[in-house]
Amino acid sequence: MTQEHNNRPLQLLHELEAQCRTHAHELPRQIEVKEDWMGIGFRLGALRLVAPLDHVVEILTYPGMAKVPGSKNWVRGIANVRGNLLPIMDLQGYLNGQDGIPNRHSRVLVVNHKGVFSGLVVDEVLGLKHFSPEQRTDDLPSVDAALAPYLQFGFYVGDEHWGVFSMRQLAETPQFLQAAI
């Protein structure tokens, strides 16, 4: 065998590599991915609010419940949810002193934060909401003073202004924890 015959496979590999390089497509460029902010949208009166997704552990239809004697008027009662006793609070009643009137759209957002396990009655759940970072604003929707301490920031989507409601802040508020008369 000649030296030229021994180098022939190596030469073919070099030629193949050259052809691959000339006809290869560029690798995709790395694009910066901006993650959407997600939360549970809900309505309280005419106000559209959103709770961070990790603040709500469950959404329930308005359950049957037993009254709790000696409790404040915004405590709707206590419900048995899969063997766990869940205190049900009227969020509208707690914030504004006005009893909300549950209807077929009313839902209960369940919060479990630092030992506070309770359900909050809202007028309607508007589903999972996604917001891009560009929609975020530090402007809060115009609300009454009772709601303001629980709003963190907001989002603008078209002409809608969504306030971000902190369920955790609510669960840590001493007034909320004092449900007895």
# chains A, B, ... in the order shown; residues from 1 in each chain; ligands from 1

call {"tool": "select_by_dssp", "arguments": {"residues": "stretch 6-167 of chain A", "states": "strand (DSSP E)", "output": "number ranges by chain"}}
result
A: 37-44, 47-52, 58-61, 75-81, 84-90, 107-113, 116-122, 124-131, 136-137, 151-157, 160-165

call {"tool": "residues_around", "arguments": {"residues": "A:Leu128", "least_positions_apart": "6", "cutoff": "9 Å", "atoms": "only C-alpha atoms", "output": "VMD selection string"}}
result
chain A and resid 38 to 41 50 53

call {"tool": "residues_around", "arguments": {"residues": "A:Val164", "least_positions_apart": "2", "cutoff": "9 Å", "atoms": "only C-alpha atoms", "output": "PyMOL selection string"}}
result
chain A and resi 39+49-52+140+150-155+162+166

call {"tool": "residues_around", "arguments": {"residues": "A:Val121", "least_positions_apart": "2", "cutoff": "6 Å", "atoms": "only C-alpha atoms", "output": "list in words"}}
result
Asp90, Leu91, Arg107 and Val108 of chain A

call {"tool": "closest_residue", "arguments": {"among": "A:Ala180, A:Asp139, A:His113, A:Trp74", "to": "A:Val57", "atoms": "only C-alpha atoms"}}
result
A:His113

call {"tool": "closest_residue", "arguments": {"among": "A:Val75, A:Leu13, A:Ile88, A:Ala24", "to": "A:Gln178", "atoms": "only C-alpha atoms"}}
result
A:Val75

call {"tool": "select_by_dssp", "arguments": {"residues": "stretch 47-150 of chain A", "states": "helix (DSSP H, G or I)", "output": "list in words"}}
result
Leu53, Asp54, His55, Leu91, Gln92, Gly93, Tyr94, Leu95, Asn96, Pro133, Glu134, Gln135, Ala148, Pro149 and Tyr150 of chain A

call {"tool": "write_last_selection", "arguments": {"atoms": "N, CA and C atoms", "output": "PDB file, in the first residue's frame"}}
result
ATOM      1  N   LEU A  53     -50.014  34.100  42.142  1.00  0.00           N
ATOM      2  CA  LEU A  53     -50.390  32.695  41.990  1.00  0.00           C
ATOM      3  C   LEU A  53     -50.011  31.859  43.213  1.00  0.00           C
ATOM      4  N   ASP A  54     -48.887  32.159  43.822  1.00  0.00           N
ATOM      5  CA  ASP A  54     -48.451  31.364  44.972  1.00  0.00           C
ATOM      6  C   ASP A  54     -49.125  31.775  46.279  1.00  0.00           C
ATOM      7  N   HIS A  55     -50.011  32.772  46.248  1.00  0.00           N
ATOM      8  CA  HIS A  55     -50.748  33.177  47.451  1.00  0.00           C
ATOM      9  C   HIS A  55     -52.062  32.421  47.600  1.00  0.00           C
ATOM     10  N   LEU A  91     -64.469  39.024  52.126  1.00  0.00           N
ATOM     11  CA  LEU A  91     -63.430  40.029  51.905  1.00  0.00           C
ATOM     12  C   LEU A  91     -64.013  41.425  51.767  1.00  0.00           C
ATOM     13  N   GLN A  92     -65.121  41.546  51.055  1.00  0.00           N
ATOM     14  CA  GLN A  92     -65.790  42.851  50.906  1.00  0.00           C
ATOM     15  C   GLN A  92     -66.261  43.371  52.263  1.00  0.00           C
ATOM     16  N   GLY A  93     -66.823  42.487  53.077  1.00  0.00           N
ATOM     17  CA  GLY A  93     -67.280  42.885  54.414  1.00  0.00           C
ATOM     18  C   GLY A  93     -66.138  43.284  55.312  1.00  0.00           C
ATOM     19  N   TYR A  94     -65.020  42.575  55.229  1.00  0.00           N
ATOM     20  CA  TYR A  94     -63.856  42.919  56.050  1.00  0.00           C
ATOM     21  C   TYR A  94     -63.300  44.288  55.655  1.00  0.00           C
ATOM     22  N   LEU A  95     -63.165  44.530  54.367  1.00  0.00           N
ATOM     23  CA  LEU A  95     -62.546  45.770  53.899  1.00  0.00           C
ATOM     24  C   LEU A  95     -63.451  46.981  54.008  1.00  0.00           C
ATOM     25  N   ASN A  96     -64.714  46.827  53.644  1.00  0.00           N
ATOM     26  CA  ASN A  96     -65.612  47.984  53.542  1.00  0.00           C
ATOM     27  C   ASN A  96     -66.731  48.004  54.568  1.00  0.00           C
ATOM     28  N   PRO A 133     -43.733  41.994  31.766  1.00  0.00           N
ATOM     29  CA  PRO A 133     -43.034  42.979  32.610  1.00  0.00           C
ATOM     30  C   PRO A 133     -43.291  44.426  32.173  1.00  0.00           C
ATOM     31  N   GLU A 134     -43.548  44.647  30.888  1.00  0.00           N
ATOM     32  CA  GLU A 134     -43.800  46.008  30.391  1.00  0.00           C
ATOM     33  C   GLU A 134     -45.133  46.562  30.885  1.00  0.00           C
ATOM     34  N   GLN A 135     -46.053  45.700  31.285  1.00  0.00           N
ATOM     35  CA  GLN A 135     -47.371  46.148  31.740  1.00  0.00           C
ATOM     36  C   GLN A 135     -47.383  46.537  33.215  1.00  0.00           C
ATOM     37  N   ALA A 148     -56.027  49.840  50.298  1.00  0.00           N
ATOM     38  CA  ALA A 148     -54.679  50.287  49.911  1.00  0.00           C
ATOM     39  C   ALA A 148     -53.530  49.525  50.580  1.00  0.00           C
ATOM     40  N   PRO A 149     -53.586  49.188  51.884  1.00  0.00           N
ATOM     41  CA  PRO A 149     -52.437  48.497  52.487  1.00  0.00           C
ATOM     42  C   PRO A 149     -52.150  47.113  51.897  1.00  0.00           C
ATOM     43  N   TYR A 150     -53.114  46.556  51.204  1.00  0.00           N
ATOM     44  CA  TYR A 150     -52.946  45.207  50.662  1.00  0.00           C
ATOM     45  C   TYR A 150     -52.544  45.203  49.193  1.00  0.00           C
TER      46      TYR A 150
END

call {"tool": "closest_residue", "arguments": {"among": "A:Gln30, A:Thr137, A:Ser71, A:Asn112", "to": "A:Gln169", "atoms": "only C-alpha atoms"}}
result
A:Asn112

call {"tool": "closest_residue", "arguments": {"among": "A:Gly127, A:Gly70, A:Gly163, A:Pro174", "to": "A:Val143", "atoms": "only C-alpha atoms"}}
result
A:Gly163

call {"tool": "closest_residue", "arguments": {"among": "A:Gln19, A:Arg48, A:Ala146, A:Leu60", "to": "A:Thr173", "atoms": "only C-alpha atoms"}}
result
A:Ala146

call {"tool": "atom_distance", "arguments": {"atom1": "atom CA of A:Val157", "atom2": "atom CA of A:Lys34"}}
result
17.1 Å

call {"tool": "closest_residue", "arguments": {"among": "A:Asp123, A:Leu10, A:Met65, A:Glu160", "to": "A:Asp99", "atoms": "only C-alpha atoms"}}
result
A:Asp123

call {"tool": "residues_around", "arguments": {"residues": "A:Val116", "least_positions_apart": "3", "cutoff": "10 Å", "atoms": "only C-alpha atoms", "output": "list in words"}}
result
Pro87, Val111, Asn112, His113, Gly119, Arg168, Leu170, Ala171, Glu172 and Leu177 of chain A

call {"tool": "atom_distance", "arguments": {"atom1": "atom CA of A:Met167", "atom2": "atom CA of A:Phe131"}}
result
18.5 Å

call {"tool": "atom_distance", "arguments": {"atom1": "atom CA of A:Arg43", "atom2": "atom CA of A:His161"}}
result
12.1 Å
